[in-house]
$ cat final16.tsv   # TSV, C-alpha atoms
chain	number	residue	atom	x	y	z
J	1	GLY	CA	58.43	186.05	95.12
J	2	ARG	CA	56.95	185.39	98.54
J	3	GLY	CA	55.96	189.01	98.98
J	4	SER	CA	53.88	189.03	95.82
J	5	SER	CA	50.82	187.46	97.42
J	6	GLY	CA	50.67	190.33	99.88
J	7	ASP	CA	51.11	192.88	97.08
J	8	ARG	CA	48.33	191.21	95.09
J	9	GLN	CA	46.10	191.23	98.14
J	10	LEU	CA	45.97	195.04	97.99
J	11	ALA	CA	44.44	194.75	94.54
J	12	ILE	CA	41.59	192.54	95.71
J	13	VAL	CA	40.37	194.61	98.63
J	14	SER	CA	36.99	196.06	97.63
J	15	SER	CA	36.30	199.77	97.15
J	16	ASP	CA	35.24	200.23	100.77
J	17	GLY	CA	38.58	198.77	101.90
J	18	VAL	CA	37.19	195.47	103.20
J	19	SER	CA	38.08	192.05	101.79
J	20	THR	CA	35.32	189.47	101.43
J	21	PRO	CA	36.32	186.85	104.03
J	22	VAL	CA	36.78	183.21	103.07
J	23	SER	CA	35.28	180.32	105.05
J	24	ILE	CA	37.53	177.26	104.71
J	25	VAL	CA	35.48	174.07	105.18
J	26	ILE	CA	37.51	170.90	105.83
J	27	PRO	CA	35.69	167.60	106.39
J	28	ALA	CA	37.84	164.78	107.74
J	29	HIS	CA	37.45	161.13	108.62
J	30	ASN	CA	40.57	160.01	110.53
J	31	GLN	CA	43.96	160.55	108.80
J	32	PHE	CA	45.30	162.49	111.81
J	33	GLU	CA	48.78	163.22	110.35
J	34	TYR	CA	47.39	164.61	107.10
J	35	CYS	CA	44.86	166.79	108.97
J	36	GLN	CA	47.65	168.16	111.15
J	37	GLN	CA	49.90	168.99	108.17
J	38	CYS	CA	47.00	170.64	106.35
J	39	ILE	CA	45.89	172.83	109.26
J	40	GLU	CA	49.46	173.79	110.21
J	41	SER	CA	50.08	174.91	106.61
J	42	ILE	CA	46.87	177.01	106.64
J	43	ARG	CA	47.81	178.69	109.92
J	44	ALA	CA	51.39	179.38	108.76
J	45	HIS	CA	50.68	180.47	105.18
J	46	THR	CA	47.35	182.32	105.12
J	47	ASP	CA	47.68	186.12	105.07
J	48	TYR	CA	44.05	186.80	104.19
J	49	PRO	CA	40.92	187.08	106.41
J	50	TYR	CA	39.51	183.57	106.84
J	51	LYS	CA	37.25	181.48	109.05
J	52	LEU	CA	38.31	177.87	109.61
J	53	ILE	CA	35.42	175.37	109.81
J	54	LEU	CA	36.48	171.82	110.69
J	55	VAL	CA	34.08	168.89	110.33
J	56	ASP	CA	34.98	165.72	112.22
J	57	ASN	CA	33.19	163.07	110.16
J	58	GLY	CA	33.04	160.22	112.72
J	59	SER	CA	36.80	160.07	113.32
J	60	THR	CA	38.21	157.53	115.79
J	61	ASP	CA	41.98	158.23	115.68
J	62	GLY	CA	42.28	161.52	117.59
J	63	VAL	CA	41.22	163.89	114.78
J	64	ALA	CA	38.09	164.90	116.76
J	65	GLN	CA	40.16	165.88	119.81
J	66	TYR	CA	42.79	167.62	117.65
J	67	PHE	CA	40.16	169.73	115.86
J	68	ASP	CA	38.80	170.90	119.23
J	69	LEU	CA	42.28	172.22	120.11
J	70	VAL	CA	42.81	174.27	116.90
J	71	PRO	CA	42.77	177.95	118.01
J	72	GLY	CA	39.84	179.98	116.66
J	73	ALA	CA	38.34	177.13	114.61
J	74	THR	CA	34.62	176.39	114.39
J	75	VAL	CA	34.34	172.62	114.91
J	76	VAL	CA	31.38	170.40	114.00
J	77	HIS	CA	31.25	166.74	115.06
J	78	SER	CA	29.30	163.93	113.41
J	79	LYS	CA	29.04	160.68	115.40
J	80	THR	CA	29.41	158.61	112.20
J	81	ASN	CA	31.04	159.12	108.80
J	82	ILE	CA	28.16	160.58	106.78
J	83	GLY	CA	30.24	161.02	103.60
J	84	PHE	CA	32.03	163.96	102.00
J	85	PRO	CA	29.01	165.93	100.65
J	86	ALA	CA	26.99	165.66	103.87
J	87	GLY	CA	30.08	166.45	105.95
J	88	VAL	CA	30.78	169.56	103.89
J	89	ASN	CA	27.14	170.63	104.32
J	90	LEU	CA	27.47	170.46	108.12
J	91	GLY	CA	30.33	172.94	107.79
J	92	LEU	CA	28.58	175.15	105.22
J	93	ALA	CA	25.90	175.94	107.79
J	94	HIS	CA	28.56	178.05	109.57
J	95	ALA	CA	30.08	179.69	106.45
J	96	THR	CA	30.18	183.41	105.66
J	97	GLY	CA	31.68	185.19	102.63
J	98	HIS	CA	33.30	183.13	99.88
J	99	VAL	CA	33.39	179.39	100.59
J	100	LEU	CA	36.51	177.26	100.13
J	101	LEU	CA	36.08	173.47	100.18
J	102	LEU	CA	39.39	171.83	101.06
J	103	ASN	CA	40.40	168.20	101.45
J	104	SER	CA	42.28	167.29	104.64
J	105	ASP	CA	45.16	165.71	102.65
J	106	THR	CA	46.36	169.02	101.18
J	107	ILE	CA	49.25	171.34	102.04
J	108	VAL	CA	48.76	174.99	101.13
J	109	PRO	CA	51.60	177.38	100.23
J	110	VAL	CA	52.30	180.99	101.19
J	111	GLY	CA	49.74	183.42	99.77
J	112	TRP	CA	47.39	180.72	98.47
J	113	ILE	CA	44.03	182.28	99.37
J	114	ALA	CA	45.00	185.76	98.15
J	115	ARG	CA	45.86	184.23	94.76
J	116	LEU	CA	42.63	182.22	94.54
J	117	VAL	CA	40.51	185.22	95.56
J	118	ALA	CA	42.31	187.43	93.03
J	119	ALA	CA	41.32	184.92	90.32
J	120	LEU	CA	37.73	184.65	91.60
J	121	GLU	CA	37.24	188.41	91.80
J	122	SER	CA	38.98	189.20	88.48
J	123	ALA	CA	35.56	189.09	86.74
J	124	PRO	CA	32.10	189.44	88.29
J	125	ARG	CA	30.59	186.23	86.86
J	126	ILE	CA	33.34	183.83	87.91
J	127	GLY	CA	31.58	181.55	90.39
J	128	ILE	CA	34.19	178.87	91.12
J	129	VAL	CA	37.99	178.79	90.97
J	130	GLY	CA	40.33	175.83	91.52
J	131	PRO	CA	44.15	175.72	91.67
J	132	MET	CA	46.73	173.66	89.82
J	133	SER	CA	48.06	170.61	91.69
J	134	ASN	CA	50.39	167.62	91.62
J	135	HIS	CA	47.59	165.06	92.20
J	136	VAL	CA	44.34	165.87	90.42
J	137	SER	CA	42.48	164.81	87.26
J	138	GLY	CA	42.10	166.90	84.11
J	139	PRO	CA	43.75	170.18	83.12
J	140	GLN	CA	44.56	171.15	86.75
J	141	LEU	CA	47.36	168.58	86.82
J	142	ILE	CA	51.03	169.62	86.71
J	143	PRO	CA	52.55	166.24	85.74
J	144	ASP	CA	55.73	164.68	87.12
J	145	LEU	CA	56.16	166.90	90.17
J	146	GLN	CA	58.31	165.36	92.91
J	147	LEU	CA	57.94	167.45	96.07
J	148	ALA	CA	59.64	166.39	99.30
J	149	ASN	CA	58.89	169.21	101.76
J	150	VAL	CA	57.02	172.44	102.41
J	151	ASP	CA	59.86	174.63	101.08
J	152	GLN	CA	59.61	172.88	97.71
J	153	ILE	CA	55.82	173.32	97.75
J	154	ASN	CA	56.29	177.06	98.37
J	155	ASP	CA	58.91	177.26	95.62
J	156	ILE	CA	56.71	175.62	92.96
J	157	ALA	CA	53.81	177.86	94.06
J	158	ASP	CA	55.97	180.96	93.64
J	159	GLN	CA	57.18	179.77	90.22
J	160	ARG	CA	53.56	179.33	89.07
J	161	TRP	CA	52.71	182.81	90.36
J	162	GLU	CA	55.66	184.46	88.63
J	163	LYS	CA	55.14	182.64	85.32
J	164	TYR	CA	51.33	182.58	85.06
J	165	GLY	CA	50.21	185.57	87.19
J	166	GLY	CA	46.61	186.44	86.35
J	167	ARG	CA	46.06	183.57	83.87
J	168	LEU	CA	42.72	181.76	83.94
J	169	LEU	CA	41.48	178.74	82.01
J	170	GLU	CA	37.69	178.47	81.75
J	171	VAL	CA	36.50	174.87	82.16
J	172	GLU	CA	33.33	172.87	82.79
J	173	ARG	CA	34.48	171.59	86.18
J	174	VAL	CA	37.23	171.86	88.74
J	175	VAL	CA	38.03	169.07	91.17
J	176	GLY	CA	36.58	169.55	94.65
J	177	PHE	CA	39.82	168.84	96.58
J	178	CYS	CA	40.27	172.63	96.68
J	179	MET	CA	37.40	174.70	95.31
J	180	LEU	CA	36.72	178.40	96.01
J	181	VAL	CA	33.06	179.37	95.54
J	182	ARG	CA	31.98	183.01	95.24
J	183	ASP	CA	29.58	184.16	97.98
J	184	THR	CA	26.83	185.03	95.47
J	185	ALA	CA	27.22	181.70	93.65
J	186	PHE	CA	26.94	179.81	96.94
J	187	ALA	CA	23.85	181.87	97.84
J	188	ALA	CA	22.30	180.96	94.46
J	189	VAL	CA	23.16	177.25	94.44
J	190	GLY	CA	23.34	176.20	98.10
J	191	ASN	CA	24.69	172.96	99.54
J	192	LEU	CA	26.32	169.91	97.96
J	193	ASP	CA	23.99	167.12	96.79
J	194	GLU	CA	24.10	164.39	99.44
J	195	SER	CA	22.79	161.70	97.05
J	196	PHE	CA	26.46	161.19	96.06
J	197	GLY	CA	26.94	159.37	99.38
J	198	ILE	CA	30.52	158.84	100.52
J	199	GLY	CA	31.81	161.07	97.70
J	200	ASN	CA	32.82	161.47	94.00
J	201	PHE	CA	30.91	163.43	91.34
J	202	GLU	CA	29.48	165.85	93.92
J	203	ASP	CA	32.04	168.37	92.59
J	204	ASP	CA	31.03	167.76	88.94
J	205	ASP	CA	27.42	168.26	90.04
J	206	TYR	CA	28.20	171.46	91.95
J	207	CYS	CA	30.17	172.99	89.06
J	208	LEU	CA	27.31	172.21	86.66
J	209	ARG	CA	24.76	173.78	89.01
J	210	VAL	CA	26.92	176.91	89.37
J	211	ARG	CA	27.25	177.16	85.56
J	212	LYS	CA	23.48	176.72	85.15
J	213	ALA	CA	23.03	179.61	87.60
J	214	GLY	CA	24.92	181.83	85.12
J	215	PHE	CA	28.42	181.74	86.60
J	216	ARG	CA	31.75	180.70	85.09
J	217	VAL	CA	34.10	177.97	86.39
J	218	CYS	CA	37.84	178.60	86.03
J	219	ILE	CA	41.26	177.22	86.88
J	220	ALA	CA	43.69	179.73	88.39
J	221	GLU	CA	46.81	178.71	86.49
J	222	ASP	CA	48.95	180.91	88.76
J	223	CYS	CA	47.94	179.09	91.96
J	224	PHE	CA	49.29	175.76	93.27
J	225	VAL	CA	48.03	173.58	96.15
J	226	PHE	CA	49.73	170.31	97.08
J	227	HIS	CA	47.47	167.23	97.30
J	228	TYR	CA	48.38	163.75	98.55
J	229	GLY	CA	45.21	162.29	96.97
J	230	SER	CA	42.58	159.64	97.83
J	231	ARG	CA	43.80	159.23	101.43
J	232	THR	CA	40.32	159.06	102.96
J	233	PHE	CA	39.15	156.43	100.50
J	234	SER	CA	42.18	154.21	101.09
J	235	ALA	CA	41.70	154.63	104.85
J	236	LEU	CA	38.10	153.46	104.44
J	237	GLY	CA	39.38	150.25	102.87
J	238	PHE	CA	38.65	151.07	99.22
J	239	ASP	CA	40.94	149.16	96.85
J	240	ASN	CA	41.09	150.02	93.13
J	241	GLU	CA	38.21	147.73	92.25
J	242	SER	CA	35.81	148.99	94.91
J	243	PHE	CA	36.88	152.62	94.29
J	244	ASN	CA	36.13	152.23	90.57
J	245	ALA	CA	32.76	150.69	91.44
J	246	LEU	CA	31.98	153.72	93.64
J	247	ILE	CA	32.91	156.09	90.80
J	248	ALA	CA	30.72	154.14	88.35
J	249	LYS	CA	27.77	154.23	90.78
J	250	ASN	CA	28.07	157.97	91.36
J	251	GLU	CA	28.57	158.66	87.66
J	252	ALA	CA	25.26	156.84	87.08
J	253	THR	CA	23.65	159.03	89.77
J	254	PHE	CA	25.05	162.13	88.05
J	255	ASN	CA	23.83	161.01	84.61
J	256	ALA	CA	20.38	160.12	85.93
J	257	LYS	CA	20.07	163.52	87.60
J	258	TRP	CA	21.10	165.51	84.55
J	259	GLY	CA	19.57	163.30	81.85
J	260	THR	CA	22.94	162.56	80.29
J	261	GLU	CA	23.43	159.64	77.95
J	262	SER	CA	26.39	157.50	76.89
J	263	GLY	CA	28.48	158.88	79.73
J	264	ALA	CA	29.02	162.20	77.95
J	265	PRO	CA	27.71	165.24	79.82
J	266	ARG	CA	24.83	166.98	78.07
J	267	ALA	CA	26.97	170.07	77.41
J	268	VAL	CA	29.48	168.02	75.39
J	269	GLN	CA	26.67	166.44	73.36
J	270	VAL	CA	25.27	169.86	72.50
J	271	ALA	CA	28.76	171.10	71.65
J	272	GLU	CA	29.34	168.13	69.32
J	273	GLY	CA	26.11	169.02	67.50
J	274	LEU	CA	27.29	172.61	67.05
J	275	LEU	CA	30.67	171.40	65.75
J	276	ALA	CA	28.90	169.22	63.17
J	277	GLU	CA	26.89	172.28	62.05
J	278	ALA	CA	30.16	174.24	61.81
J	279	ARG	CA	31.68	171.57	59.53
J	280	GLN	CA	28.63	171.78	57.26
J	281	LEU	CA	28.85	175.58	57.10
J	282	GLU	CA	32.57	175.38	56.31
J	283	SER	CA	31.88	172.93	53.47
J	284	GLU	CA	29.44	175.51	52.05
J	285	GLY	CA	32.13	178.21	52.23
J	286	LYS	CA	30.37	180.04	55.07
J	287	ASN	CA	33.52	180.36	57.16
J	288	ALA	CA	32.48	183.29	59.38
J	289	ALA	CA	29.28	181.45	60.36
J	290	ALA	CA	31.33	178.28	60.98
J	291	VAL	CA	33.66	180.17	63.36
J	292	GLY	CA	30.59	181.48	65.18
J	293	LYS	CA	29.20	177.95	65.63
J	294	ILE	CA	32.53	176.67	66.97
J	295	LYS	CA	32.65	179.55	69.46
J	296	ASP	CA	29.12	178.64	70.56
J	297	ALA	CA	30.34	175.06	71.10
J	298	ILE	CA	33.27	176.32	73.21
J	299	ALA	CA	30.92	178.45	75.31
J	300	MET	CA	28.76	175.38	75.90
J	301	ALA	CA	31.66	173.04	76.79
J	302	PRO	CA	34.74	175.14	77.68
J	303	CYS	CA	37.09	172.19	78.27
J	304	HIS	CA	36.09	170.10	75.22
J	305	ALA	CA	39.43	169.92	73.39
J	306	PRO	CA	38.01	168.89	69.94
J	307	ALA	CA	36.24	172.26	69.69
J	308	PHE	CA	39.53	174.16	69.99
J	309	TYR	CA	41.17	171.76	67.52
J	310	GLN	CA	38.42	172.36	64.96
J	311	LEU	CA	38.74	176.13	65.46
J	312	GLY	CA	42.51	175.87	64.99
J	313	GLN	CA	42.10	173.95	61.73
J	314	LEU	CA	39.59	176.47	60.38
J	315	LEU	CA	41.80	179.43	61.34
J	316	LEU	CA	44.73	177.70	59.64
J	317	HIS	CA	42.61	177.24	56.52
J	318	LEU	CA	41.82	180.99	56.63
J	319	GLY	CA	45.53	181.83	56.92
J	320	ASN	CA	45.47	182.97	60.56
J	321	ARG	CA	48.55	181.00	61.59
J	322	GLN	CA	49.24	182.65	64.93
J	323	GLN	CA	45.63	182.34	66.13
J	324	ALA	CA	45.56	178.73	64.89
J	325	ALA	CA	48.70	177.93	66.87
J	326	GLU	CA	47.09	179.43	70.01
J	327	GLN	CA	44.14	177.06	69.60
J	328	PHE	CA	46.41	174.01	69.16
J	329	HIS	CA	48.32	175.02	72.32
J	330	ARG	CA	45.00	175.24	74.16
J	331	VAL	CA	44.09	171.74	72.95
J	332	LEU	CA	47.33	170.42	74.46
J	333	ARG	CA	46.65	172.16	77.78
J	334	LEU	CA	43.30	170.36	77.94
J	335	ASP	CA	44.51	167.08	76.42
J	336	PRO	CA	48.33	166.72	76.49
J	337	SER	CA	48.07	163.40	74.60
J	338	CYS	CA	46.51	164.92	71.44
J	339	ASP	CA	48.97	163.89	68.70
J	340	ASP	CA	47.08	165.81	65.99
J	341	ALA	CA	47.57	169.14	67.77
J	342	GLN	CA	51.26	168.35	68.37
J	343	GLN	CA	51.70	167.55	64.66
J	344	GLN	CA	49.96	170.76	63.58
J	345	LEU	CA	52.25	172.82	65.82
J	346	ALA	CA	55.32	170.97	64.53
J	347	ILE	CA	54.26	171.75	60.95
J	348	LEU	CA	53.61	175.41	61.80
J	349	ASN	CA	57.07	175.69	63.36
J	350	THR	CA	58.79	174.34	60.22
J	351	ILE	CA	56.94	176.45	57.62
J	352	PRO	CA	58.54	179.90	57.10
J	353	GLN	CA	56.31	182.89	57.88
$ encode --input "final16.tsv" --output "structure tokens"
Amino acid sequence: GRGSSGDRQLAIVSSDGVSTPVSIVIPAHNQFEYCQQCIESIRAHTDYPYKLILVDNGSTDGVAQYFDLVPGATVVHSKTNIGFPAGVNLGLAHATGHVLLLNSDTIVPVGWIARLVAALESAPRIGIVGPMSNHVSGPQLIPDLQLANVDQINDIADQRWEKYGGRLLEVERVVGFCMLVRDTAFAAVGNLDESFGIGNFEDDDYCLRVRKAGFRVCIAEDCFVFHYGSRTFSALGFDNESFNALIAKNEATFNAKWGTESGAPRAVQVAEGLLAEARQLESEGKNAAAVGKIKDAIAMAPCHAPAFYQLGQLLLHLGNRQQAAEQFHRVLRLDPSCDDAQQQLAILNTIPQ
């Protein structure tokens, strides 16, 4: 229930009795009403030590003046809209402790930071944690949520907490609409890359840099943050066509930076090579070695669903039905449209033990 975030908070205070504070960095370009809802939800629902850093990114609709009136906030003003990554970096200059990047079109529920920090600090090498949401790409999405008010947002957040408390899903990336970065990971990696201009793919880039620095990236399946989605881009006059062009341009920037080809991140290409080696080993009857190769592929690309599917098939072949079913379920969490995994689970459910 609502009290659980406070209870959990006790578990994440360090041995000397002091919590690592969280600096919440919110860049905003106009969208006054969304900014107001977001900041009011933070002030009402945050029971954890935090510093609020607000970046007015060339706003002209009253956001700049509103930010200056928010009690206790550190406010940075840019005369023009310098884009999401550069705006975030203006705020990061004032950050201490863990860093939380948050879009201005979000509404946060009771206990949200305590839950995210609990996930981040549950293992020493977790560098980034993101929540589940109603409007987000990839495995962070909870589909078909219709939420009309803050009470419903709090209710769905509490349901997630009660059902999934402590559950993490390791992935290659989380979406930057709400992204908690460990203090040591931020110290190692530094600011967002401003070559991504107005925004998009700077979060993919940051997650990859954090992973290259030896940290893990995870989704906190027990945490929910509401997101309206793409409000700043629509306010800037981006229609679908121009928005897709922006994504394509920044994807090209990302691929050029990391030497990726054919649109597939390098990690996925390496993982596919390992999976091919695993299939060869399996054909030679070297099943233990094949399992090892598949696990190497998963370590390289933790949200590449085909790796878990291949592991499930091999485990099924070896007679490990329960472990195979777990892998097929994981495939569906990463790729809900995978018919093959659904069919395998249907078959497993009909065959007697």
$ residues_around --input "final16.tsv" --residues "Val55 (chain J)" --least-positions-apart "2" --cutoff "10 Å" --atoms "only C-alpha atoms" --output "PyMOL selection string"
chain J and resi 25-29+52-53+57-59+63-64+67+74-78+84+87-92
$ residues_around --input "final16.tsv" --residues "Arg125 (chain J)" --least-positions-apart "3" --cutoff "10 Å" --atoms "only C-alpha atoms" --output "PDB file with C-alpha atoms, in the frame of the given file"
ATOM      1  CA  LEU J 120      37.730 184.650  91.600  1.00  0.00           C
ATOM      2  CA  GLU J 121      37.240 188.410  91.800  1.00  0.00           C
ATOM      3  CA  SER J 122      38.980 189.200  88.480  1.00  0.00           C
ATOM      4  CA  ILE J 128      34.190 178.870  91.120  1.00  0.00           C
ATOM      5  CA  ARG J 182      31.980 183.010  95.240  1.00  0.00           C
ATOM      6  CA  THR J 184      26.830 185.030  95.470  1.00  0.00           C
ATOM      7  CA  ALA J 185      27.220 181.700  93.650  1.00  0.00           C
ATOM      8  CA  ARG J 211      27.250 177.160  85.560  1.00  0.00           C
ATOM      9  CA  GLY J 214      24.920 181.830  85.120  1.00  0.00           C
ATOM     10  CA  PHE J 215      28.420 181.740  86.600  1.00  0.00           C
ATOM     11  CA  ARG J 216      31.750 180.700  85.090  1.00  0.00           C
ATOM     12  CA  VAL J 217      34.100 177.970  86.390  1.00  0.00           C
TER      13      VAL J 217
END
$ closest_residue --input "final16.tsv" --among "J:Asn81, J:Gln36, J:Gln310, J:Asn255" --to "Lys295 (chain J)" --atoms "all atoms listed in the file"
J:Gln310
$ residues_around --input "final16.tsv" --residues "region 220-228 of chain J" --least-positions-apart "5" --cutoff "6 Å" --atoms "all atoms listed in the file" --output "PDB file with C-alpha atoms, keeping the file's coordinate frame"
ATOM      1  CA  ASP J 105      45.160 165.710 102.650  1.00  0.00           C
ATOM      2  CA  THR J 106      46.360 169.020 101.180  1.00  0.00           C
ATOM      3  CA  ILE J 107      49.250 171.340 102.040  1.00  0.00           C
ATOM      4  CA  VAL J 108      48.760 174.990 101.130  1.00  0.00           C
ATOM      5  CA  PRO J 131      44.150 175.720  91.670  1.00  0.00           C
ATOM      6  CA  MET J 132      46.730 173.660  89.820  1.00  0.00           C
ATOM      7  CA  SER J 133      48.060 170.610  91.690  1.00  0.00           C
ATOM      8  CA  HIS J 135      47.590 165.060  92.200  1.00  0.00           C
ATOM      9  CA  ALA J 157      53.810 177.860  94.060  1.00  0.00           C
ATOM     10  CA  ARG J 160      53.560 179.330  89.070  1.00  0.00           C
ATOM     11  CA  TRP J 161      52.710 182.810  90.360  1.00  0.00           C
ATOM     12  CA  TYR J 164      51.330 182.580  85.060  1.00  0.00           C
ATOM     13  CA  GLY J 165      50.210 185.570  87.190  1.00  0.00           C
ATOM     14  CA  ARG J 167      46.060 183.570  83.870  1.00  0.00           C
ATOM     15  CA  LEU J 168      42.720 181.760  83.940  1.00  0.00           C
TER      16      LEU J 168
END
$ residues_around --input "final16.tsv" --residues "region 188-204 of chain J" --least-positions-apart "6" --cutoff "9 Å" --atoms "all atoms listed in the file" --output "list of chain:residue names"
J:Asn81, J:Ile82, J:Gly83, J:Phe84, J:Pro85, J:Ala86, J:Val88, J:Asn89, J:Leu92, J:Ala93, J:Glu172, J:Arg173, J:Val174, J:Val175, J:Gly176, J:Phe177, J:Met179, J:Val210, J:Ala213, J:Phe233, J:Leu246, J:Ile247, J:Lys249, J:Asn250, J:Glu251, J:Thr253, J:Phe254
$ atom_distance --input "final16.tsv" --atom1 "CA of Ile24 (chain J)" --atom2 "CA of Trp112 (chain J)"
12.2 Å
$ closest_residue --input "final16.tsv" --among "J:Ala324, J:Gln65, J:Gly166, J:Phe308" --to "Ala123 (chain J)" --atoms "all atoms listed in the file"
J:Gly166
$ residues_near_point --input "final16.tsv" --point "(40.9, 180.5, 111.5)" --cutoff "8 Å" --atoms "only C-alpha atoms" --output "VMD selection string"
chain J and resid 43 50 to 53 71 to 73
$ residues_near_point --input "final16.tsv" --point "(34.9, 173.1, 73.4)" --cutoff "9 Å" --atoms "all atoms listed in the file" --output "PyMOL selection string"
chain J and resi 268+271-272+275+294-309
$ residues_around --input "final16.tsv" --residues "Thr60 (chain J)" --least-positions-apart "6" --cutoff "10 Å" --atoms "only C-alpha atoms" --output "list in words"
His29, Asn30, Gln31, Phe32, Lys79 and Thr80 of chain J
$ axis_aligned_box --input "final16.tsv" --around "region 21-38 of chain J" --padding-each-side "4 Å" --output "JSON"
{"center_x": 42.6, "center_y": 173.4, "center_z": 107.4, "size_x": 22.6, "size_y": 34.8, "size_z": 16.7}
$ closest_residue --input "final16.tsv" --among "J:Lys293, J:Asn134, J:Cys207, J:Leu69" --to "Val270 (chain J)" --atoms "all atoms listed in the file"
J:Lys293
$ closest_residue --input "final16.tsv" --among "J:Ala187, J:Ala44, J:Ala256, J:Cys35" --to "Val150 (chain J)" --atoms "all atoms listed in the file"
J:Ala44
$ atom_distance --input "final16.tsv" --atom1 "CA of Gln322 (chain J)" --atom2 "CA of Ile347 (chain J)"
12.6 Å
$ atom_distance --input "final16.tsv" --atom1 "CA of Leu116 (chain J)" --atom2 "CA of Ser337 (chain J)"
28.0 Å
$ closest_residue --input "final16.tsv" --among "J:Gln140, J:Leu314, J:Ala119, J:Val110" --to "Leu281 (chain J)" --atoms "all atoms listed in the file"
J:Leu314
$ decode --input "final16.tsv" --residues "region 73-84 of chain J" --atoms "N, CA, C and O atoms" --output "JSON list (two decimals), in the first residue's frame"
[["chain", "number", "residue", "atom", "x", "y", "z"],
["J", 73, "ALA", "N", 13.84, 25.27, -5.40],
["J", 73, "ALA", "CA", 14.40, 24.73, -6.64],
["J", 73, "ALA", "C", 15.63, 25.52, -7.07],
["J", 73, "ALA", "O", 15.73, 26.73, -6.84],
["J", 74, "THR", "N", 16.58, 24.81, -7.70],
["J", 74, "THR", "CA", 17.68, 25.46, -8.40],
["J", 74, "THR", "C", 17.23, 25.64, -9.84],
["J", 74, "THR", "O", 16.85, 24.67, -10.50],
["J", 75, "VAL", "N", 17.23, 26.88, -10.33],
["J", 75, "VAL", "CA", 16.68, 27.16, -11.66],
["J", 75, "VAL", "C", 17.79, 27.70, -12.57],
["J", 75, "VAL", "O", 18.56, 28.57, -12.17],
["J", 76, "VAL", "N", 17.87, 27.11, -13.78],
["J", 76, "VAL", "CA", 18.84, 27.55, -14.79],
["J", 76, "VAL", "C", 18.05, 28.02, -16.01],
["J", 76, "VAL", "O", 17.13, 27.31, -16.46],
["J", 77, "HIS", "N", 18.38, 29.17, -16.55],
["J", 77, "HIS", "CA", 17.68, 29.70, -17.73],
["J", 77, "HIS", "C", 18.60, 29.70, -18.94],
["J", 77, "HIS", "O", 19.76, 30.11, -18.84],
["J", 78, "SER", "N", 18.06, 29.24, -20.08],
["J", 78, "SER", "CA", 18.75, 29.40, -21.36],
["J", 78, "SER", "C", 17.90, 30.35, -22.20],
["J", 78, "SER", "O", 16.68, 30.20, -22.26],
["J", 79, "LYS", "N", 18.55, 31.31, -22.86],
["J", 79, "LYS", "CA", 17.78, 32.31, -23.64],
["J", 79, "LYS", "C", 17.04, 31.65, -24.80],
["J", 79, "LYS", "O", 15.97, 32.09, -25.21],
["J", 80, "THR", "N", 17.64, 30.59, -25.37],
["J", 80, "THR", "CA", 17.02, 29.89, -26.51],
["J", 80, "THR", "C", 16.88, 28.42, -26.18],
["J", 80, "THR", "O", 17.48, 27.93, -25.22],
["J", 81, "ASN", "N", 16.09, 27.71, -26.98],
["J", 81, "ASN", "CA", 15.95, 26.26, -26.80],
["J", 81, "ASN", "C", 17.17, 25.57, -27.39],
["J", 81, "ASN", "O", 17.32, 25.47, -28.61],
["J", 82, "ILE", "N", 18.05, 25.09, -26.53],
["J", 82, "ILE", "CA", 19.30, 24.47, -27.00],
["J", 82, "ILE", "C", 19.18, 22.96, -27.13],
["J", 82, "ILE", "O", 20.17, 22.27, -27.37],
["J", 83, "GLY", "N", 17.96, 22.42, -26.99],
["J", 83, "GLY", "CA", 17.75, 20.98, -27.15],
["J", 83, "GLY", "C", 17.79, 20.24, -25.83],
["J", 83, "GLY", "O", 18.30, 20.75, -24.82],
["J", 84, "PHE", "N", 17.26, 19.02, -25.83],
["J", 84, "PHE", "CA", 17.15, 18.24, -24.60],
["J", 84, "PHE", "C", 18.52, 17.90, -23.99],
["J", 84, "PHE", "O", 18.76, 18.19, -22.81]]
